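Participant: Quick one: structure below, then a few questions.
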2 protein chains.
Amino acid sequence: MHTPVDNARAVLLCRYNGPMNAPRTARERARAELTAEILAAARRQLAEEGSAMLSLRSIARELGMASSAVYRYFASRDELLTALIVQSYTEIGEAAENADLPGAAPQERWLAVWRAVREWALANRHEYALIFGTPVPGYIAPHITIEVAGRMPLTLARIVADTRKDGNLTPATGPVCPPEAINPDMTLLLEGERFSADEVARLVFCWNRLVGIIGYELHGHLANVTADDSLFFDHTARTEGAYIGLPFR
Amino acid sequence: MHTPVDNARAVLLCRYNGPMNAPRTARERARAELTAEILAAARRQLAEEGSAMLSLRSIARELGMASSAVYRYFASRDELLTALIVQSYTEIGEAAENADLPGAAPQERWLAVWRAVREWALANRHEYALIFGTPVPGYIAPHITIEVAGRMPLTLARIVADTRKDGNLTPATGPVCPPEAINPDMTLLLEGERFSADEVARLVFCWNRLVGIIGYELHGHLANVTADDSLFFDHTARTEGAYIGLPFR
DNA sequence: CTTAACAGAGAGCGGTGCTCTCTATTATGA
DNA sequence: TCATAATAGAGAGCACCGCTCTCTGTTAAG
């Protein structure tokens with residue numbers, strides 16, 4: 001028996017983790033298609049109007065079906081939002097991963113990933129707000145979102161790990177994070193790569209800066225401060241790269 | 001003739017900029033009181049349930065009046081939110097200013113202000129989300145919000161300016177911001193104090209970090225990373241303080 | 001071929017922001 | 001003092017929203 005939850009999950013996994021066992025009956029095929037159509041309409045509404053303006057009823061109208069019928073596919077608005085969140089996390093993660101060129105110099109890799117994330121954010125500002133904005137009160141992020149949320153941060157961590165492996169990581173400057181502040185489990189972010197508490201803290205700062213400075217730009221907090229947002233963003237990337245020990249400058 | 005806008009503004013100014021010309025007629029007094037009561041009820045609902053759950057109708061119910069009557073005082077839900085935004089910006093600005101002790105050592109001042117902002121945020125998380133979270137699509141921040149939004153950032157800038165005036169500012173390390181990236185108007189943040197483009201950029205980074213790292217903590221992004229949030233926050237404050245040139249360590 | 005699962009439609013519930021009209025009250029100026 | 005104008009509140013109503021329930025027709029499975 002299919003529940004809406006299962007189906008949404010199936011569509012997502014199918015779209016992002018390769019095809020599952022293909023639907024065999026006509027009904028299953030129609031179900032998968034309609035689920036995808038609903039998700040596509042939702043994504044369009046999200047992109048154009050933002051998550052606050054996204055309603056199941058207008059999606060139903062757009063697809064020419066009764067609003068109650070949509071609930072056969074997504075059990076609630078929250079579940080539809082979850083699907084969009086997973087989709088967005090996956091896309092931004094892929095953007096980061098695809099921008100990374102493991103053979104290149106660490107500075108180039110770092111800058112390329114930062115720029116790719118910003119590009120995605122500028123092209124998908126409502127999606128960006130959905131995943132990095134204020135969480136809706138009462139909304140609990142399902143486990144599946146936590147899994148996909150890590151791809152972008154881990155791409156940055158990988159660059160640092162590779163640089164250190166090549167012996168090109170500059171010794172840390174500035175205050176060192178007290179080890180008690182960091183959860184020891186976090187020192188194993190990547191397989192076979194151990195990070196010190198201070199390195200974890202520095203990585204957190206980098207993620208925080210990347211997310212935060214893009215948020216500042218998107219929300220207009222930089223409007224009267226910067227004269228050239230791209231230039232300022234590159235400077236931000238370089239600053240954080242230097243901070244974590246990449247051979248910038 | 002009073003419009004709801006004028007009255008909301010009057011209440012705000014009265015509450016935060018000292019009493020205006022006192023209401024003279026009984027009607028004017030009743031109006032000012034009811035406006036304040038509505039605002040108080042709204043603040044309570046905001047604090048308890050978050051901005052998404054705030055509705056004019058439930059406020060009207062709570063105060064025992066018809067929902068349409070509330071519109072005599074606030075022309076729309078957005079306007080009520082604006083009043084709450086102004087209130088929150090003012091409170092966080094006052095928290096920052098009151099924590100600052102202009103006579104003390106710059107490191108102590110810096111840390112005290114950072115901690116005060118965090119304390120306010122932890123005690124008023126929905127208010128914090130309202131002013132630093134994702135802006136509502138379509139919502140245009142009125143000019144009055146922009147005025148009060150600057151108090152907290154300027155408190156930090158003042159510490160830096162004072163430190164430099166005393167000759168205790170450490171020379172900058174790390175990449176220098178290209179001047180073309182920064183709006184020249186921003187080099188005059190405080191009266192009589194000029195900042196270089198690089199200093200403005202560093203200040204922006206500090207504001208961005210303060211807002212961002214508290215957001216990370218409030219939204220649970222640090223949950224599995226940090227073991228001691230207060231300790232980690234202090235480390236954050238010190239790191240940014242050292243970055244901008246305060247004599248930390 | 002029977003039976004169970006499923007998909008869709010439609011009505012309905014309680015909620016929202018907001019508008020409009022109507023009435024009662026208050027303030028003001030001749 | 002009194003007519004007039006401004007104001008406050010109530011209530012009905014509009015168009016939405018998320019979500020549930022029931023009913024009907026269709027598809028798949030045993």
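Every chain in the structure tokens takes a letter, A first, then B, and so on in the order presented; its residues are numbered from 1, and the ligands are numbered from 1 following the presented order.
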Restrict the distance test to only C-alpha atoms (C1' of nucleotides), flag each residue of chain B within 12 Å of chain D, and return the flagged residues as a VMD selection string.
Facilitator: chain B and resid 1 to 3 27 to 28 30 to 31 34 60 64 to 73
Participant: Restricting it to all heavy atoms, dump the selection as a tab-separated table (two decimals), in the first residue's frame.
Facilitator:
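Generated output (selection38.tsv):
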chain	number	residue	atom	x	y	z
B	1	MET	N	-6.57	64.87	11.54
B	1	MET	CA	-7.15	63.54	11.34
B	1	MET	C	-6.09	62.47	11.57
B	1	MET	O	-4.99	62.53	11.03
B	1	MET	CB	-7.70	63.44	9.92
B	1	MET	CG	-8.54	62.21	9.70
B	1	MET	SD	-9.23	62.13	8.03
B	1	MET	CE	-8.01	61.15	7.19
B	2	HIS	N	-6.43	61.49	12.36
B	2	HIS	CA	-5.48	60.41	12.62
B	2	HIS	C	-5.71	59.27	11.65
B	2	HIS	O	-6.83	58.83	11.45
B	2	HIS	CB	-5.67	59.86	14.04
B	2	HIS	CG	-5.25	60.82	15.10
B	2	HIS	ND1	-3.93	61.03	15.41
B	2	HIS	CD2	-5.96	61.62	15.91
B	2	HIS	CE1	-3.86	61.93	16.39
B	2	HIS	NE2	-5.08	62.30	16.71
B	3	THR	N	-4.65	58.79	11.07
B	3	THR	CA	-4.74	57.51	10.37
B	3	THR	C	-4.15	56.45	11.29
B	3	THR	O	-3.39	56.78	12.21
B	3	THR	CB	-3.93	57.54	9.07
B	3	THR	OG1	-2.53	57.56	9.40
B	3	THR	CG2	-4.26	58.77	8.25
B	27	ARG	N	-10.87	60.73	24.12
B	27	ARG	CA	-10.80	59.84	22.97
B	27	ARG	C	-9.34	59.55	22.60
B	27	ARG	O	-8.97	58.42	22.32
B	27	ARG	CB	-11.50	60.50	21.80
B	27	ARG	CG	-11.91	59.54	20.72
B	27	ARG	CD	-12.71	60.26	19.66
B	27	ARG	NE	-14.06	59.77	19.56
B	27	ARG	CZ	-14.98	60.30	18.78
B	27	ARG	NH1	-14.70	61.38	18.08
B	27	ARG	NH2	-16.19	59.79	18.71
B	28	GLU	N	-8.55	60.58	22.62
B	28	GLU	CA	-7.14	60.40	22.25
B	28	GLU	C	-6.42	59.51	23.25
B	28	GLU	O	-5.57	58.70	22.90
B	28	GLU	CB	-6.44	61.75	22.13
B	28	GLU	CG	-6.64	62.40	20.77
B	28	GLU	CD	-6.05	63.81	20.73
B	28	GLU	OE1	-5.68	64.34	21.80
B	28	GLU	OE2	-5.97	64.38	19.63
B	30	ALA	N	-7.85	57.18	25.12
B	30	ALA	CA	-8.34	55.82	24.90
B	30	ALA	C	-7.68	55.20	23.68
B	30	ALA	O	-7.30	54.02	23.69
B	30	ALA	CB	-9.86	55.84	24.73
B	31	ARG	N	-7.51	56.00	22.66
B	31	ARG	CA	-6.90	55.50	21.44
B	31	ARG	C	-5.46	55.06	21.69
B	31	ARG	O	-5.03	53.99	21.27
B	31	ARG	CB	-6.95	56.57	20.35
B	31	ARG	CG	-6.35	56.08	19.07
B	31	ARG	CD	-6.47	57.06	17.92
B	31	ARG	NE	-6.01	56.40	16.71
B	31	ARG	CZ	-6.77	55.62	15.98
B	31	ARG	NH1	-8.02	55.40	16.32
B	31	ARG	NH2	-6.28	55.02	14.92
B	34	LEU	N	-5.48	51.81	23.75
B	34	LEU	CA	-5.88	50.63	23.00
B	34	LEU	C	-4.82	50.23	21.99
B	34	LEU	O	-4.55	49.05	21.79
B	34	LEU	CB	-7.21	50.89	22.30
B	34	LEU	CG	-8.33	49.91	22.66
B	34	LEU	CD1	-9.60	50.25	21.92
B	34	LEU	CD2	-7.92	48.48	22.37
B	60	ALA	N	-7.88	40.40	18.27
B	60	ALA	CA	-9.19	40.99	18.54
B	60	ALA	C	-9.97	40.13	19.54
B	60	ALA	O	-10.56	40.65	20.49
B	60	ALA	CB	-9.98	41.11	17.23
B	64	GLY	N	-11.32	41.10	23.20
B	64	GLY	CA	-12.77	41.18	23.29
B	64	GLY	C	-13.40	42.21	22.38
B	64	GLY	O	-14.42	42.79	22.70
B	65	MET	N	-12.79	42.40	21.23
B	65	MET	CA	-13.38	43.35	20.29
B	65	MET	C	-13.53	42.70	18.91
B	65	MET	O	-13.00	41.62	18.65
B	65	MET	CB	-12.51	44.61	20.17
B	65	MET	CG	-11.11	44.35	19.66
B	65	MET	SD	-9.91	45.64	20.07
B	65	MET	CE	-10.61	47.05	19.22
B	66	ALA	N	-14.31	43.37	18.07
B	66	ALA	CA	-14.49	42.83	16.72
B	66	ALA	C	-13.19	42.98	15.93
B	66	ALA	O	-12.44	43.94	16.12
B	66	ALA	CB	-15.63	43.57	16.02
B	67	SER	N	-12.95	42.01	15.04
B	67	SER	CA	-11.70	42.05	14.29
B	67	SER	C	-11.62	43.31	13.43
B	67	SER	O	-10.55	43.87	13.23
B	67	SER	CB	-11.57	40.80	13.43
B	67	SER	OG	-12.57	40.80	12.43
B	68	SER	N	-12.76	43.73	12.96
B	68	SER	CA	-12.75	44.92	12.10
B	68	SER	C	-12.34	46.17	12.88
B	68	SER	O	-11.83	47.12	12.30
B	68	SER	CB	-14.13	45.12	11.48
B	68	SER	OG	-15.12	45.19	12.48
B	69	ALA	N	-12.56	46.14	14.17
B	69	ALA	CA	-12.21	47.32	14.97
B	69	ALA	C	-10.71	47.49	15.08
B	69	ALA	O	-10.20	48.62	15.18
B	69	ALA	CB	-12.83	47.21	16.36
B	70	VAL	N	-9.99	46.38	15.02
B	70	VAL	CA	-8.53	46.47	15.13
B	70	VAL	C	-7.96	47.28	13.97
B	70	VAL	O	-6.95	47.97	14.12
B	70	VAL	CB	-7.91	45.07	15.17
B	70	VAL	CG1	-6.39	45.14	15.26
B	70	VAL	CG2	-8.46	44.28	16.35
B	71	TYR	N	-8.66	47.22	12.85
B	71	TYR	CA	-8.16	47.94	11.67
B	71	TYR	C	-8.25	49.46	11.83
B	71	TYR	O	-7.73	50.20	11.01
B	71	TYR	CB	-8.92	47.49	10.42
B	71	TYR	CG	-8.47	46.13	9.94
B	71	TYR	CD1	-8.99	44.97	10.49
B	71	TYR	CD2	-7.48	46.02	8.98
B	71	TYR	CE1	-8.56	43.73	10.06
B	71	TYR	CE2	-7.04	44.79	8.54
B	71	TYR	CZ	-7.58	43.64	9.09
B	71	TYR	OH	-7.15	42.42	8.68
B	72	ARG	N	-8.96	49.91	12.87
B	72	ARG	CA	-8.94	51.35	13.15
B	72	ARG	C	-7.57	51.78	13.69
B	72	ARG	O	-7.22	52.95	13.64
B	72	ARG	CB	-10.00	51.69	14.20
B	72	ARG	CG	-11.41	51.36	13.78
B	72	ARG	CD	-12.05	52.52	13.06
B	72	ARG	NE	-13.42	52.23	12.65
B	72	ARG	CZ	-13.99	52.75	11.58
B	72	ARG	NH1	-13.31	53.58	10.82
B	72	ARG	NH2	-15.23	52.45	11.26
B	73	TYR	N	-6.82	50.79	14.19
B	73	TYR	CA	-5.55	51.12	14.84
B	73	TYR	C	-4.34	50.70	14.01
B	73	TYR	O	-3.33	51.39	14.00
B	73	TYR	CB	-5.51	50.46	16.23
B	73	TYR	CG	-6.62	50.95	17.12
B	73	TYR	CD1	-7.89	50.35	17.09
B	73	TYR	CD2	-6.42	52.05	17.94
B	73	TYR	CE1	-8.92	50.83	17.89
B	73	TYR	CE2	-7.45	52.53	18.74
B	73	TYR	CZ	-8.69	51.92	18.70
B	73	TYR	OH	-9.70	52.40	19.48
Participant: For chain B against chain C, which residues fall within 9 Å using only C-alpha atoms (C1' of nucleotides), given as a list in words?
Facilitator: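 Result: Thr25, Ala26, Arg27, Ser55, Leu56, Arg57, Ser68, Tyr71, Ser76 and Arg77 of chain B.
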Participant: Write the residues of the selection above to a file with C-alpha atoms, as an mmCIF file, in the first residue's frame.
Facilitator:
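See part.cif below for the written result:
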data_model
loop_
_atom_site.group_PDB
_atom_site.id
_atom_site.type_symbol
_atom_site.label_atom_id
_atom_site.label_comp_id
_atom_site.auth_asym_id
_atom_site.auth_seq_id
_atom_site.Cartn_x
_atom_site.Cartn_y
_atom_site.Cartn_z
ATOM 1 C CA THR B 25 -9.087 64.475 24.900
ATOM 2 C CA ALA B 26 -10.519 61.315 26.425
ATOM 3 C CA ARG B 27 -10.796 59.836 22.968
ATOM 4 C CA SER B 55 -3.300 37.007 13.459
ATOM 5 C CA LEU B 56 -5.318 40.148 13.846
ATOM 6 C CA ARG B 57 -8.428 38.121 14.529
ATOM 7 C CA SER B 68 -12.751 44.920 12.096
ATOM 8 C CA TYR B 71 -8.160 47.941 11.671
ATOM 9 C CA SER B 76 -2.980 45.867 8.036
ATOM 10 C CA ARG B 77 -1.171 42.886 9.458
#
Participant: Set the cut-off to 6 Å and count only C-alpha atoms: what are the residues of chain A that reach chain B? Output as a PyMOL selection string.
Facilitator: chain A and resi 133-134+175+181-183+186+212+225-228+231-232+239
Participant: Could the residues in this selection be saved with N, CA and C atoms as a PDB file, in the first residue's frame?
Facilitator:
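After the write, out_28.pdb holds the following:
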ATOM      1  N   GLY A 133      16.618  30.071   5.344  1.00  0.00           N
ATOM      2  CA  GLY A 133      15.911  31.119   6.052  1.00  0.00           C
ATOM      3  C   GLY A 133      15.373  30.625   7.379  1.00  0.00           C
ATOM      4  N   THR A 134      14.544  31.452   7.979  1.00  0.00           N
ATOM      5  CA  THR A 134      13.959  31.098   9.261  1.00  0.00           C
ATOM      6  C   THR A 134      13.101  29.855   9.124  1.00  0.00           C
ATOM      7  N   PRO A 175      42.626  33.430  17.344  1.00  0.00           N
ATOM      8  CA  PRO A 175      42.233  32.604  18.499  1.00  0.00           C
ATOM      9  C   PRO A 175      41.958  31.162  18.104  1.00  0.00           C
ATOM     10  N   ALA A 181      34.380  23.120  23.414  1.00  0.00           N
ATOM     11  CA  ALA A 181      33.226  23.753  22.774  1.00  0.00           C
ATOM     12  C   ALA A 181      32.654  22.895  21.657  1.00  0.00           C
ATOM     13  N   ILE A 182      33.455  21.965  21.144  1.00  0.00           N
ATOM     14  CA  ILE A 182      33.060  21.197  19.961  1.00  0.00           C
ATOM     15  C   ILE A 182      32.726  19.754  20.329  1.00  0.00           C
ATOM     16  N   ASN A 183      31.701  19.242  19.730  1.00  0.00           N
ATOM     17  CA  ASN A 183      31.322  17.837  19.892  1.00  0.00           C
ATOM     18  C   ASN A 183      32.380  16.943  19.253  1.00  0.00           C
ATOM     19  N   MET A 186      32.197  15.274  15.805  1.00  0.00           N
ATOM     20  CA  MET A 186      32.298  16.054  14.580  1.00  0.00           C
ATOM     21  C   MET A 186      33.696  16.059  13.996  1.00  0.00           C
ATOM     22  N   GLY A 212      25.628  33.064   5.268  1.00  0.00           N
ATOM     23  CA  GLY A 212      25.208  34.350   5.810  1.00  0.00           C
ATOM     24  C   GLY A 212      25.434  35.507   4.862  1.00  0.00           C
ATOM     25  N   VAL A 225      25.841  49.207   1.347  1.00  0.00           N
ATOM     26  CA  VAL A 225      27.201  49.039   1.847  1.00  0.00           C
ATOM     27  C   VAL A 225      28.170  48.727   0.712  1.00  0.00           C
ATOM     28  N   THR A 226      27.781  47.823  -0.146  1.00  0.00           N
ATOM     29  CA  THR A 226      28.690  47.395  -1.204  1.00  0.00           C
ATOM     30  C   THR A 226      28.402  48.137  -2.501  1.00  0.00           C
ATOM     31  N   ALA A 227      29.451  48.271  -3.288  1.00  0.00           N
ATOM     32  CA  ALA A 227      29.288  48.891  -4.607  1.00  0.00           C
ATOM     33  C   ALA A 227      29.358  47.835  -5.694  1.00  0.00           C
ATOM     34  N   ASP A 228      29.985  46.715  -5.388  1.00  0.00           N
ATOM     35  CA  ASP A 228      30.140  45.636  -6.354  1.00  0.00           C
ATOM     36  C   ASP A 228      30.001  44.320  -5.601  1.00  0.00           C
ATOM     37  N   LEU A 231      32.414  41.361  -6.548  1.00  0.00           N
ATOM     38  CA  LEU A 231      33.762  41.613  -6.047  1.00  0.00           C
ATOM     39  C   LEU A 231      33.820  41.385  -4.543  1.00  0.00           C
ATOM     40  N   PHE A 232      32.827  41.894  -3.852  1.00  0.00           N
ATOM     41  CA  PHE A 232      32.792  41.729  -2.403  1.00  0.00           C
ATOM     42  C   PHE A 232      32.658  40.262  -2.028  1.00  0.00           C
ATOM     43  N   THR A 239      38.826  35.696   1.987  1.00  0.00           N
ATOM     44  CA  THR A 239      39.051  35.938   3.416  1.00  0.00           C
ATOM     45  C   THR A 239      38.832  34.653   4.218  1.00  0.00           C
TER      46      THR A 239
END
Participant: Can you pull out every residue from range 91-143 of chain A that DSSP, working from the backbone, puts in alpha helix (DSSP H), and format the result as a PyMOL selection string?
Facilitator: chain A and resi 91-99+106-123+125-132+143
